[in-house]
Structures are given as structure tokens and as C-alpha cells.
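entry-v6.pdb (PDB, C-alpha atoms and all ligand atoms)
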```
ATOM      1  CA  MET A   1     110.472 135.491 111.385
ATOM      2  CA  VAL A   2     106.776 135.558 110.646
ATOM      3  CA  GLU A   3     104.952 132.416 111.719
ATOM      4  CA  THR A   4     103.016 131.078 108.750
ATOM      5  CA  ALA A   5     100.043 128.763 109.093
ATOM      6  CA  MET A   6     100.857 125.058 109.312
ATOM      7  CA  LYS A   7      99.715 123.055 106.296
ATOM      8  CA  ILE A   8      98.002 119.727 106.801
ATOM      9  CA  LEU A   9      97.044 117.185 104.158
ATOM     10  CA  VAL A  10      93.982 115.065 104.962
ATOM     11  CA  VAL A  11      93.724 111.832 102.945
ATOM     12  CA  GLU A  12      90.260 110.424 103.612
ATOM     13  CA  ASP A  13      87.715 108.883 101.267
ATOM     14  CA  GLU A  14      84.675 109.265 103.530
ATOM     15  CA  ALA A  15      83.254 112.628 102.482
ATOM     16  CA  LYS A  16      81.614 113.442 105.806
ATOM     17  CA  THR A  17      84.710 112.680 107.882
ATOM     18  CA  ALA A  18      86.888 114.582 105.426
ATOM     19  CA  SER A  19      84.723 117.704 105.469
ATOM     20  CA  ASN A  20      84.421 117.626 109.268
ATOM     21  CA  LEU A  21      88.177 117.374 109.604
ATOM     22  CA  LYS A  22      88.727 120.138 107.090
ATOM     23  CA  ARG A  23      86.307 122.508 108.781
ATOM     24  CA  GLY A  24      87.522 121.737 112.295
ATOM     25  CA  LEU A  25      91.195 122.088 111.450
ATOM     26  CA  GLU A  26      90.642 125.267 109.472
ATOM     27  CA  GLU A  27      88.769 126.759 112.415
ATOM     28  CA  SER A  28      91.825 125.857 114.506
ATOM     29  CA  GLY A  29      94.032 127.933 112.229
ATOM     30  CA  PHE A  30      95.522 125.307 109.910
ATOM     31  CA  VAL A  31      95.616 125.330 106.125
ATOM     32  CA  ILE A  32      94.012 122.124 104.837
ATOM     33  CA  ASP A  33      94.094 120.195 101.584
ATOM     34  CA  VAL A  34      91.965 117.100 101.159
ATOM     35  CA  ALA A  35      92.649 114.076  98.924
ATOM     36  CA  GLU A  36      89.960 111.436  98.460
ATOM     37  CA  ASN A  37      92.215 108.549  97.515
ATOM     38  CA  GLY A  38      95.759 107.272  97.910
ATOM     39  CA  GLU A  39      96.956 108.286  94.456
ATOM     40  CA  ASP A  40      95.936 111.934  94.867
ATOM     41  CA  GLY A  41      97.228 111.846  98.438
ATOM     42  CA  SER A  42     100.653 110.639  97.315
ATOM     43  CA  TYR A  43     100.871 113.256  94.623
ATOM     44  CA  LEU A  44      99.980 116.094  96.995
ATOM     45  CA  ALA A  45     102.306 114.757  99.694
ATOM     46  CA  TYR A  46     105.255 114.920  97.291
ATOM     47  CA  THR A  47     104.516 118.356  95.989
ATOM     48  CA  GLY A  48     102.710 120.265  98.715
ATOM     49  CA  ASN A  49     105.253 120.843 101.504
ATOM     50  CA  TYR A  50     102.948 119.762 104.333
ATOM     51  CA  ASP A  51     103.727 119.927 108.025
ATOM     52  CA  LEU A  52     101.578 116.890 108.733
ATOM     53  CA  ILE A  53      99.560 114.256 106.888
ATOM     54  CA  VAL A  54      96.384 112.806 108.392
ATOM     55  CA  LEU A  55      96.166 109.505 106.550
ATOM     56  CA  ASP A  56      93.252 107.109 106.542
ATOM     57  CA  VAL A  57      94.360 103.467 106.324
ATOM     58  CA  MET A  58      91.389 102.107 104.410
ATOM     59  CA  LEU A  59      91.339 103.933 101.090
ATOM     60  CA  PRO A  60      90.100 102.821  97.690
ATOM     61  CA  GLY A  61      92.983 101.807  95.425
ATOM     62  CA  ARG A  62      96.269 102.527  97.098
ATOM     63  CA  ASP A  63      95.814 102.171 100.867
ATOM     64  CA  GLY A  64      97.328 104.275 103.624
ATOM     65  CA  TRP A  65     100.144 101.806 104.363
ATOM     66  CA  THR A  66     101.260 101.857 100.753
ATOM     67  CA  VAL A  67     101.097 105.643 100.547
ATOM     68  CA  MET A  68     103.215 105.995 103.676
ATOM     69  CA  ALA A  69     105.786 103.330 102.737
ATOM     70  CA  ASP A  70     106.177 104.954  99.346
ATOM     71  CA  LEU A  71     106.709 108.414 100.807
ATOM     72  CA  ARG A  72     109.332 107.204 103.275
ATOM     73  CA  ARG A  73     111.148 105.230 100.601
ATOM     74  CA  HIS A  74     111.431 108.405  98.580
ATOM     75  CA  GLY A  75     112.771 110.456 101.434
ATOM     76  CA  VAL A  76     109.596 112.341 102.345
ATOM     77  CA  HIS A  77     109.542 112.433 106.146
ATOM     78  CA  THR A  78     106.457 114.529 106.737
ATOM     79  CA  PRO A  79     104.884 113.373 110.033
ATOM     80  CA  VAL A  80     101.905 111.047 109.576
ATOM     81  CA  LEU A  81      98.912 110.551 111.840
ATOM     82  CA  PHE A  82      97.084 107.386 110.828
ATOM     83  CA  LEU A  83      93.327 106.995 111.070
ATOM     84  CA  THR A  84      91.886 103.528 111.191
ATOM     85  CA  ALA A  85      88.586 101.902 111.986
ATOM     86  CA  ARG A  86      90.293  98.837 113.311
ATOM     87  CA  ASP A  87      91.847  98.705 116.712
ATOM     88  CA  ALA A  88      93.929  95.652 115.913
ATOM     89  CA  VAL A  89      97.325  95.517 117.575
ATOM     90  CA  HIS A  90      99.007  94.460 114.353
ATOM     91  CA  ASP A  91      97.696  97.587 112.606
ATOM     92  CA  ARG A  92      99.199  99.801 115.233
ATOM     93  CA  VAL A  93     102.508  97.945 115.147
ATOM     94  CA  LYS A  94     102.569  98.024 111.362
ATOM     95  CA  GLY A  95     101.931 101.766 111.276
ATOM     96  CA  LEU A  96     104.612 102.550 113.810
ATOM     97  CA  GLU A  97     107.093 100.242 112.081
ATOM     98  CA  LEU A  98     106.493 102.104 108.845
ATOM     99  CA  GLY A  99     107.320 105.337 110.638
ATOM    100  CA  ALA A 100     103.892 106.704 111.530
ATOM    101  CA  ASP A 101     104.047 109.367 114.220
ATOM    102  CA  ASP A 102     100.742 108.507 115.813
ATOM    103  CA  TYR A 103      97.604 106.509 115.405
ATOM    104  CA  LEU A 104      93.952 107.279 116.037
ATOM    105  CA  VAL A 105      91.087 104.792 116.029
ATOM    106  CA  LYS A 106      87.752 105.734 114.468
ATOM    107  CA  PRO A 107      85.380 106.959 115.631
ATOM    108  CA  PHE A 108      87.267 109.661 117.486
ATOM    109  CA  ALA A 109      86.383 112.993 119.042
ATOM    110  CA  PHE A 110      87.688 115.947 117.064
ATOM    111  CA  SER A 111      89.245 117.371 120.231
ATOM    112  CA  GLU A 112      91.310 114.179 120.512
ATOM    113  CA  LEU A 113      92.523 114.496 116.957
ATOM    114  CA  LEU A 114      93.390 118.151 117.463
ATOM    115  CA  ALA A 115      95.409 117.325 120.574
ATOM    116  CA  ARG A 116      97.366 114.645 118.678
ATOM    117  CA  VAL A 117      97.960 116.984 115.750
ATOM    118  CA  ARG A 118      99.338 119.692 118.019
ATOM    119  CA  THR A 119     101.602 117.251 119.834
ATOM    120  CA  ILE A 120     103.075 115.934 116.586
ATOM    121  CA  LEU A 121     103.638 119.430 115.213
ATOM    122  CA  ARG A 122     105.289 120.555 118.442
ATOM    123  CA  ARG A 123     107.560 117.513 118.434
ATOM    124  CA  GLY A 124     108.383 118.217 114.801
ATOM    125  CA  ALA A 125     109.317 121.803 115.573
ATOM    126  CA  ALA A 126     111.757 120.655 118.271
ATOM    127  CA  ALA A 127     113.381 118.058 116.002
ATOM    128  CA  ARG A 128     113.664 120.487 113.119
ATOM    129  CA  LYS A 129     116.125 122.698 114.917
ATOM    130  CA  ALA A 130     118.790 120.053 114.368
ATOM    131  CA  THR A 131     117.899 119.280 110.789
ATOM    132  CA  VAL A 132     118.139 122.601 109.012
ATOM    133  CA  LEU A 133     121.250 122.911 106.839
ATOM    134  CA  LYS A 134     122.425 126.361 105.837
ATOM    135  CA  VAL A 135     124.989 127.668 103.363
ATOM    136  CA  ALA A 136     124.972 131.397 102.634
ATOM    137  CA  ASP A 137     121.291 132.266 102.049
ATOM    138  CA  LEU A 138     120.379 128.697 101.033
ATOM    139  CA  GLU A 139     118.511 126.602 103.594
ATOM    140  CA  VAL A 140     117.433 122.976 103.462
ATOM    141  CA  ASP A 141     115.045 121.668 106.074
ATOM    142  CA  LEU A 142     115.460 117.895 106.037
ATOM    143  CA  GLU A 143     112.486 117.158 108.277
ATOM    144  CA  ARG A 144     109.987 119.343 106.516
ATOM    145  CA  HIS A 145     111.421 118.591 103.138
ATOM    146  CA  ARG A 146     111.729 122.239 102.231
ATOM    147  CA  ALA A 147     114.407 124.283 100.592
ATOM    148  CA  THR A 148     114.587 128.068 100.459
ATOM    149  CA  ARG A 149     116.984 130.583  99.004
ATOM    150  CA  ALA A 150     117.001 134.187 100.211
ATOM    151  CA  GLY A 151     113.839 133.274 102.124
ATOM    152  CA  GLY A 152     111.929 132.223  99.007
ATOM    153  CA  PRO A 153     110.781 128.610  98.561
ATOM    154  CA  LEU A 154     112.495 126.446  95.934
ATOM    155  CA  ASP A 155     110.157 124.136  94.060
ATOM    156  CA  LEU A 156     112.253 120.962  93.852
ATOM    157  CA  THR A 157     111.376 117.449  92.725
ATOM    158  CA  PRO A 158     112.097 114.649  95.256
ATOM    159  CA  LYS A 159     115.312 113.734  93.376
ATOM    160  CA  GLU A 160     116.471 117.334  93.224
ATOM    161  CA  PHE A 161     115.789 117.687  96.930
ATOM    162  CA  LEU A 162     117.831 114.558  97.683
ATOM    163  CA  MET A 163     120.666 115.801  95.514
ATOM    164  CA  LEU A 164     120.682 119.209  97.187
ATOM    165  CA  SER A 165     120.540 117.626 100.671
ATOM    166  CA  LEU A 166     123.548 115.498  99.800
ATOM    167  CA  LEU A 167     125.552 118.497  98.563
ATOM    168  CA  MET A 168     124.533 120.515 101.644
ATOM    169  CA  ARG A 169     125.464 117.764 104.091
ATOM    170  CA  ARG A 170     128.909 117.631 102.563
ATOM    171  CA  THR A 171     129.467 121.300 101.888
ATOM    172  CA  GLY A 172     132.930 121.933 100.450
ATOM    173  CA  ASP A 173     133.509 118.295  99.435
ATOM    174  CA  VAL A 174     133.771 117.483  95.750
ATOM    175  CA  LEU A 175     131.232 114.731  95.063
ATOM    176  CA  SER A 176     131.778 112.472  92.080
ATOM    177  CA  ARG A 177     129.009 111.636  89.619
ATOM    178  CA  PRO A 178     128.972 107.926  90.564
ATOM    179  CA  LEU A 179     128.727 108.836  94.241
ATOM    180  CA  ILE A 180     125.807 111.185  93.599
ATOM    181  CA  ALA A 181     124.105 108.569  91.413
ATOM    182  CA  GLU A 182     124.503 105.929  94.083
ATOM    183  CA  GLN A 183     123.236 108.154  96.892
ATOM    184  CA  VAL A 184     120.324 109.702  95.045
ATOM    185  CA  TRP A 185     119.140 106.832  92.839
ATOM    186  CA  ASP A 186     120.385 104.015  95.018
ATOM    187  CA  ILE A 187     121.897 102.225  92.042
ATOM    188  CA  ASN A 188     125.183 102.216  90.185
ATOM    189  CA  PHE A 189     124.978 104.246  87.057
ATOM    190  CA  ASP A 190     127.129 103.649  84.093
ATOM    191  CA  CYS A 191     129.741 106.373  84.457
ATOM    192  CA  ASP A 192     128.950 107.562  80.941
ATOM    193  CA  SER A 193     125.395 108.258  81.976
ATOM    194  CA  ASN A 194     124.538 111.922  81.966
ATOM    195  CA  VAL A 195     121.562 111.486  84.272
ATOM    196  CA  VAL A 196     123.390 113.212  87.116
ATOM    197  CA  ASP A 197     124.348 116.111  84.853
ATOM    198  CA  VAL A 198     120.812 116.519  83.566
ATOM    199  CA  HIS A 199     119.350 116.614  87.065
ATOM    200  CA  MET A 200     122.129 118.837  88.339
ATOM    201  CA  ARG A 201     121.439 121.305  85.555
ATOM    202  CA  ARG A 202     117.774 121.470  86.569
ATOM    203  CA  LEU A 203     118.712 121.829  90.212
ATOM    204  CA  ARG A 204     121.079 124.685  89.426
ATOM    205  CA  SER A 205     118.466 126.428  87.320
ATOM    206  CA  LYS A 206     116.363 126.664  90.478
ATOM    207  CA  VAL A 207     119.009 127.098  93.174
ATOM    208  CA  ASP A 208     121.573 129.282  91.394
ATOM    209  CA  ASP A 209     120.392 130.773  88.111
ATOM    210  CA  PRO A 210     118.104 133.446  89.603
ATOM    211  CA  TYR A 211     120.814 134.590  92.051
ATOM    212  CA  THR A 212     124.091 136.447  91.679
ATOM    213  CA  ALA A 213     126.152 134.306  94.040
ATOM    214  CA  LYS A 214     126.470 130.764  92.673
ATOM    215  CA  LEU A 215     126.710 127.975  95.233
ATOM    216  CA  ILE A 216     126.894 124.788  93.134
ATOM    217  CA  HIS A 217     130.115 124.461  91.138
ATOM    218  CA  THR A 218     131.316 121.987  88.526
ATOM    219  CA  VAL A 219     134.689 120.390  89.122
ATOM    220  CA  ARG A 220     135.817 119.329  85.673
ATOM    221  CA  GLY A 221     136.320 115.628  85.202
ATOM    222  CA  ILE A 222     135.160 114.831  88.724
ATOM    223  CA  GLY A 223     131.770 116.100  89.784
ATOM    224  CA  TYR A 224     130.206 118.845  91.830
ATOM    225  CA  VAL A 225     130.733 120.828  94.993
ATOM    226  CA  LEU A 226     128.447 123.139  96.897
ATOM    227  CA  GLU A 227     130.161 126.006  98.694
ATOM    228  CA  GLU A 228     130.100 129.746  99.105
ATOM    229  CA  ARG A 229     132.789 131.391  96.998
ATOM    230  CA  THR A 230     133.510 135.050  97.520
TER     231      THR A 230
HETATM  232 CA    CA B 301      88.352 105.057 104.593
END
```
Kindly return the structure encoded in the file as C-alpha cells.
Amino acid sequence: MVETAMKILVVEDEAKTASNLKRGLEESGFVIDVAENGEDGSYLAYTGNYDLIVLDVMLPGRDGWTVMADLRRHGVHTPVLFLTARDAVHDRVKGLELGADDYLVKPFAFSELLARVRTILRRGAAARKATVLKVADLEVDLERHRATRAGGPLDLTPKEFLMLSLLMRRTGDVLSRPLIAEQVWDINFDCDSNVVDVHMRRLRSKVDDPYTAKLIHTVRGIGYVLEERT
């Protein structure tokens, strides 16, 4: 397998810090996107398939804590390295409680940041081995929040990713619509609701439609099953 460059999202409103980080990390071989505020950062984090997010705590509008809590609540587990100007113990505790992977106090030396970044990515690579689900040529990487079929990336929304992860975890089991609704939306849907069907149709259009071998199957009157049928 060809090793592709790791992608890092930098969310930092201070232009000078952001451009220094971008330049330094790019020179170290990473692919970098920069967001200047929490809203843009959130959007990119959901859609960009990053290996790591460097997240400033003090941002205009939506702050770093909120961005991180929101991502985790929606099942995005991209590692996060927090940057903060304050060395308060409660900040550190709060970040780690929210699921931050590490924490760096400003001002910091770039070499220190680079060392932390490499450690987190290495740790992530070790953990990932256990979190890649595979059925036929379909792969779902739960840690990196990535799905591929026949080696090509699938562009899934967070809900579609959750739905696919659920089907993959329980390969061969027929999952009812209410069960899928409960697991993916965390609420009880009216059983007449076609929300599950609508999302499943979109998921299948990405996962199955372009390929000969279909993996997601409808079980009439019950729900859906993901399995390889030959
Ligand atoms: Ca800031």
C-alpha cells in the first residue's frame, strides 16, 4: 500500500500562528488546511477526513471546546491537539475529559508541536489496526472516519457513516428500521417514518450502485442487512 501524506486541520484565528504552523507542518511533509474560526473548523472537520486536528481553544464565535464536543457527539473521533494560551489546570482537565489527545500551551516551540503531532499520529496508527472493518472490498475505518470501496474513498455524510458502521459491525444480521433509527439518530422514530429508507437509499447509491457486487440488501418488512452474497 502506498503511504499517502497525513492530513492535518489547523483551526487558529491568529494569522501569524496559523501561517507559521501551516508552513512548518507542510515542510515536515503534512498536508494542511487552515480554518480561521470554529464554524469553518467544524465544517472542515466533518467533511475533510483529517488524521489530526490542531485546535485553538480561544476562537471567535464557537470556541475550541464547543467544536470538539460537537465533533465527538457526532461520532467524529479524529485526534485533537489543543492549543491554549492559558496554563490553567481546569483547562487541561476539561480538554482531556472531552477527549482531547494532547494539549500544548502557547507560546510553544514548533519542534515541540511537531513532536506531539508525530506521537499522536503514531498512536493513532497503532489503534487503527483494531478498528478497521472489512467486508469484501468495502472497508470502514472507525478511528479515521473513512470508508473505501475497491480502494476508492466513499464520500459519506456523518449519518451515512454511522449507518454503514452499524451495518458493518453486525455483518450478516438483519437490522430493523427502528433499531437503525435508534442507533443512528439516538431517538425513537415513528415506525412509519421513512427517514431510515431515505438515508439508506443515499448510502446505497454511494456504496453499492457503482459496483457490480451489492453488499447492502433489503429484507422486506424488516429492514436491512449488509453481507457478501455470491
Ligand atoms: Ca486564538
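Here CA of Lys214 (chain A) is placed at a distance of 19.5 Å from CA of Arg146 (chain A).
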Item to complete: Provide the CA of Asp56 (chain A) to CA of Ala5 (chain A) distance in Å, to one decimal place.
Response: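 If I compute the distance from CA of Asp56 (chain A) to CA of Ala5 (chain A), I get 22.8 Å.
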Next item on the list: Name the closest residue to Ala18 (chain A) among the candidates A:Trp185, A:Phe110, A:Trp65, A:Asp70; distances are taken between atoms, counting only C-alpha atoms.
Entry: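 Distance minimum relative to Ala18 (chain A) lands on A:Phe110.
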*Which neighbours of Leu166 (chain A) fall inside 9 Å, counting only C-alpha atoms, when residues of the same chain fewer than 4 positions from it are skipped, and could you give them as number ranges by chain?*
A: 161-162, 170-171, 180, 183-184
Using all atoms listed in the file, find all polymer residues with an atom at most 8 Å away from the point (91.8, 118.4, 104.0); report them as a PDB file with C-alpha atoms, in the coordinates of the input.
```pdb
ATOM      1  CA  ILE A   8      98.002 119.727 106.801  1.00  0.00           C
ATOM      2  CA  LEU A   9      97.044 117.185 104.158  1.00  0.00           C
ATOM      3  CA  VAL A  10      93.982 115.065 104.962  1.00  0.00           C
ATOM      4  CA  VAL A  11      93.724 111.832 102.945  1.00  0.00           C
ATOM      5  CA  ALA A  18      86.888 114.582 105.426  1.00  0.00           C
ATOM      6  CA  SER A  19      84.723 117.704 105.469  1.00  0.00           C
ATOM      7  CA  LEU A  21      88.177 117.374 109.604  1.00  0.00           C
ATOM      8  CA  LYS A  22      88.727 120.138 107.090  1.00  0.00           C
ATOM      9  CA  ILE A  32      94.012 122.124 104.837  1.00  0.00           C
ATOM     10  CA  ASP A  33      94.094 120.195 101.584  1.00  0.00           C
ATOM     11  CA  VAL A  34      91.965 117.100 101.159  1.00  0.00           C
ATOM     12  CA  ALA A  35      92.649 114.076  98.924  1.00  0.00           C
TER      13      ALA A  35
END
```
- Grab me every residue within 6 Å of ligand CA 301 (chain B), counting all atoms listed in the file, and send it over as a list of chain:residue names. A:Glu12, A:Asp13, A:Glu14, A:Asp56, A:Met58, A:Leu59
Selection result for the PyMOL selection byres (((chain A and resi 226) around 6) and not hetatm) on this file, as number ranges by chain:
A: 167, 171-172, 215-216, 225, 227
Could you please take those selected residues and save C-alpha atoms as a PDB file, in the frame of the given file?
```pdb
ATOM      1  CA  LEU A 167     125.552 118.497  98.563  1.00  0.00           C
ATOM      2  CA  THR A 171     129.467 121.300 101.888  1.00  0.00           C
ATOM      3  CA  GLY A 172     132.930 121.933 100.450  1.00  0.00           C
ATOM      4  CA  LEU A 215     126.710 127.975  95.233  1.00  0.00           C
ATOM      5  CA  ILE A 216     126.894 124.788  93.134  1.00  0.00           C
ATOM      6  CA  VAL A 225     130.733 120.828  94.993  1.00  0.00           C
ATOM      7  CA  GLU A 227     130.161 126.006  98.694  1.00  0.00           C
TER       8      GLU A 227
END
```
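Applied to the file shown here, the PyMOL selection byres (((chain A and resi 44) around 12) and not hetatm) selects the residues Lys7, Ile8, Leu9, Val10, Val11, Ile32, Asp33, Val34, Ala35, Glu36, Asn37, Gly38, Glu39, Asp40, Gly41, Ser42, Tyr43, Ala45, Tyr46, Thr47, Gly48, Asn49, Tyr50, Leu52, Ile53, Val67, Leu71, Val76 and Thr78 of chain A.
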By how many Å are CA of Thr218 (chain A) and CA of Thr131 (chain A) apart?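 Going from CA of Thr218 (chain A) over to CA of Thr131 (chain A), I get 26.1 Å.
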Item to complete: Considering all atoms listed in the file, state which residue in the set A:Leu55, A:Gly99, A:Leu154, A:Lys159 is at the smallest distance from Ala69 (chain A).
Response: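 Smallest distance to Ala69 (chain A) is found for A:Gly99.
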Around (119.9, 124.5, 101.7) in the file's own coordinates, what residues are found within 8 Å if you use only C-alpha atoms, given back as a short mmCIF file (atom, residue, chain, number, x, y, z; two decimals) with C-alpha atoms, keeping the file's coordinate frame?
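Just written: out.cif:
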```cif
data_model
loop_
_atom_site.label_atom_id
_atom_site.label_comp_id
_atom_site.auth_asym_id
_atom_site.auth_seq_id
_atom_site.Cartn_x
_atom_site.Cartn_y
_atom_site.Cartn_z
CA VAL A 132 118.14 122.60 109.01
CA LEU A 133 121.25 122.91 106.84
CA LYS A 134 122.42 126.36 105.84
CA VAL A 135 124.99 127.67 103.36
CA ASP A 137 121.29 132.27 102.05
CA LEU A 138 120.38 128.70 101.03
CA GLU A 139 118.51 126.60 103.59
CA VAL A 140 117.43 122.98 103.46
CA ASP A 141 115.04 121.67 106.07
CA ALA A 147 114.41 124.28 100.59
CA THR A 148 114.59 128.07 100.46
CA ARG A 149 116.98 130.58 99.00
CA LEU A 164 120.68 119.21 97.19
CA SER A 165 120.54 117.63 100.67
CA MET A 168 124.53 120.52 101.64
#
```
Centre and edges of the region 40-50 of chain A box, axis-aligned, 4 Å extra per side, as AutoDock Vina command-line options:
```
--center_x 100.6 --center_y 115.7 --center_z 99.5 --size_x 17.3 --size_y 18.2 --size_z 17.7
```
Restricting to only C-alpha atoms, whichever of A:Lys94, A:His74, A:His199, A:Arg204 is closest to His217 (chain A) is A:Arg204
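This file gives the following result for the PyMOL selection byres (((chain A and resi 100) around 7) and not hetatm): Pro79, Val80, Leu81, Phe82, Gly95, Leu96, Leu98, Gly99, Asp101 and Asp102 of chain A.
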Got a moment to write region 111-121 of chain A out with all heavy atoms, as a short mmCIF file (atom, residue, chain, number, x, y, z; two decimals), in the first residue's frame?
```cif
data_model
loop_
_atom_site.label_atom_id
_atom_site.label_comp_id
_atom_site.auth_asym_id
_atom_site.auth_seq_id
_atom_site.Cartn_x
_atom_site.Cartn_y
_atom_site.Cartn_z
N SER A 111 9.17 22.84 17.25
CA SER A 111 9.70 21.47 17.38
C SER A 111 8.89 20.67 18.41
O SER A 111 8.69 19.46 18.25
CB SER A 111 11.17 21.51 17.79
OG SER A 111 11.31 22.21 19.00
N GLU A 112 8.41 21.36 19.44
CA GLU A 112 7.59 20.70 20.46
C GLU A 112 6.25 20.26 19.86
O GLU A 112 5.79 19.14 20.08
CB GLU A 112 7.37 21.65 21.65
CG GLU A 112 6.47 21.12 22.75
CD GLU A 112 7.02 19.89 23.46
OE1 GLU A 112 8.23 19.62 23.33
OE2 GLU A 112 6.23 19.19 24.13
N LEU A 113 5.67 21.17 19.11
CA LEU A 113 4.39 20.83 18.47
C LEU A 113 4.56 19.64 17.51
O LEU A 113 3.75 18.71 17.51
CB LEU A 113 3.82 22.03 17.69
CG LEU A 113 2.53 21.70 16.95
CD1 LEU A 113 1.36 22.54 17.42
CD2 LEU A 113 2.69 21.80 15.45
N LEU A 114 5.62 19.68 16.73
CA LEU A 114 5.86 18.62 15.76
C LEU A 114 6.03 17.26 16.46
O LEU A 114 5.50 16.24 16.01
CB LEU A 114 7.11 18.95 14.93
CG LEU A 114 7.40 18.04 13.75
CD1 LEU A 114 6.24 18.03 12.75
CD2 LEU A 114 8.69 18.48 13.05
N ALA A 115 6.74 17.28 17.59
CA ALA A 115 6.93 16.04 18.33
C ALA A 115 5.59 15.49 18.83
O ALA A 115 5.32 14.29 18.73
CB ALA A 115 7.87 16.27 19.52
N ARG A 116 4.73 16.39 19.33
CA ARG A 116 3.41 15.96 19.83
C ARG A 116 2.56 15.42 18.68
O ARG A 116 1.88 14.41 18.83
CB ARG A 116 2.66 17.14 20.46
CG ARG A 116 3.38 17.83 21.58
CD ARG A 116 3.32 17.03 22.87
NE ARG A 116 3.89 17.82 23.95
CZ ARG A 116 3.16 18.48 24.86
NH1 ARG A 116 1.85 18.43 24.83
NH2 ARG A 116 3.76 19.16 25.81
N VAL A 117 2.61 16.12 17.55
CA VAL A 117 1.84 15.69 16.39
C VAL A 117 2.25 14.28 15.97
O VAL A 117 1.41 13.40 15.75
CB VAL A 117 2.04 16.69 15.21
CG1 VAL A 117 1.62 16.08 13.88
CG2 VAL A 117 1.26 17.97 15.48
N ARG A 118 3.54 14.06 15.90
CA ARG A 118 4.02 12.74 15.47
C ARG A 118 3.63 11.64 16.44
O ARG A 118 3.29 10.53 16.05
CB ARG A 118 5.54 12.78 15.26
CG ARG A 118 5.89 13.57 14.00
CD ARG A 118 7.34 13.45 13.64
NE ARG A 118 7.56 13.94 12.29
CZ ARG A 118 8.59 14.71 11.93
NH1 ARG A 118 9.50 15.07 12.84
NH2 ARG A 118 8.72 15.10 10.69
N THR A 119 3.70 11.96 17.74
CA THR A 119 3.31 10.97 18.75
C THR A 119 1.85 10.59 18.60
O THR A 119 1.48 9.42 18.61
CB THR A 119 3.56 11.53 20.16
OG1 THR A 119 4.94 11.85 20.28
CG2 THR A 119 3.18 10.52 21.23
N ILE A 120 1.00 11.60 18.44
CA ILE A 120 -0.45 11.33 18.32
C ILE A 120 -0.74 10.50 17.07
O ILE A 120 -1.50 9.54 17.12
CB ILE A 120 -1.26 12.65 18.27
CG1 ILE A 120 -1.14 13.38 19.61
CG2 ILE A 120 -2.72 12.37 17.95
CD1 ILE A 120 -1.73 14.78 19.59
N LEU A 121 -0.09 10.85 15.97
CA LEU A 121 -0.34 10.12 14.72
C LEU A 121 0.14 8.68 14.82
O LEU A 121 -0.49 7.77 14.32
CB LEU A 121 0.32 10.84 13.54
CG LEU A 121 -0.31 12.19 13.17
CD1 LEU A 121 0.50 12.88 12.09
CD2 LEU A 121 -1.76 11.99 12.71
#
```
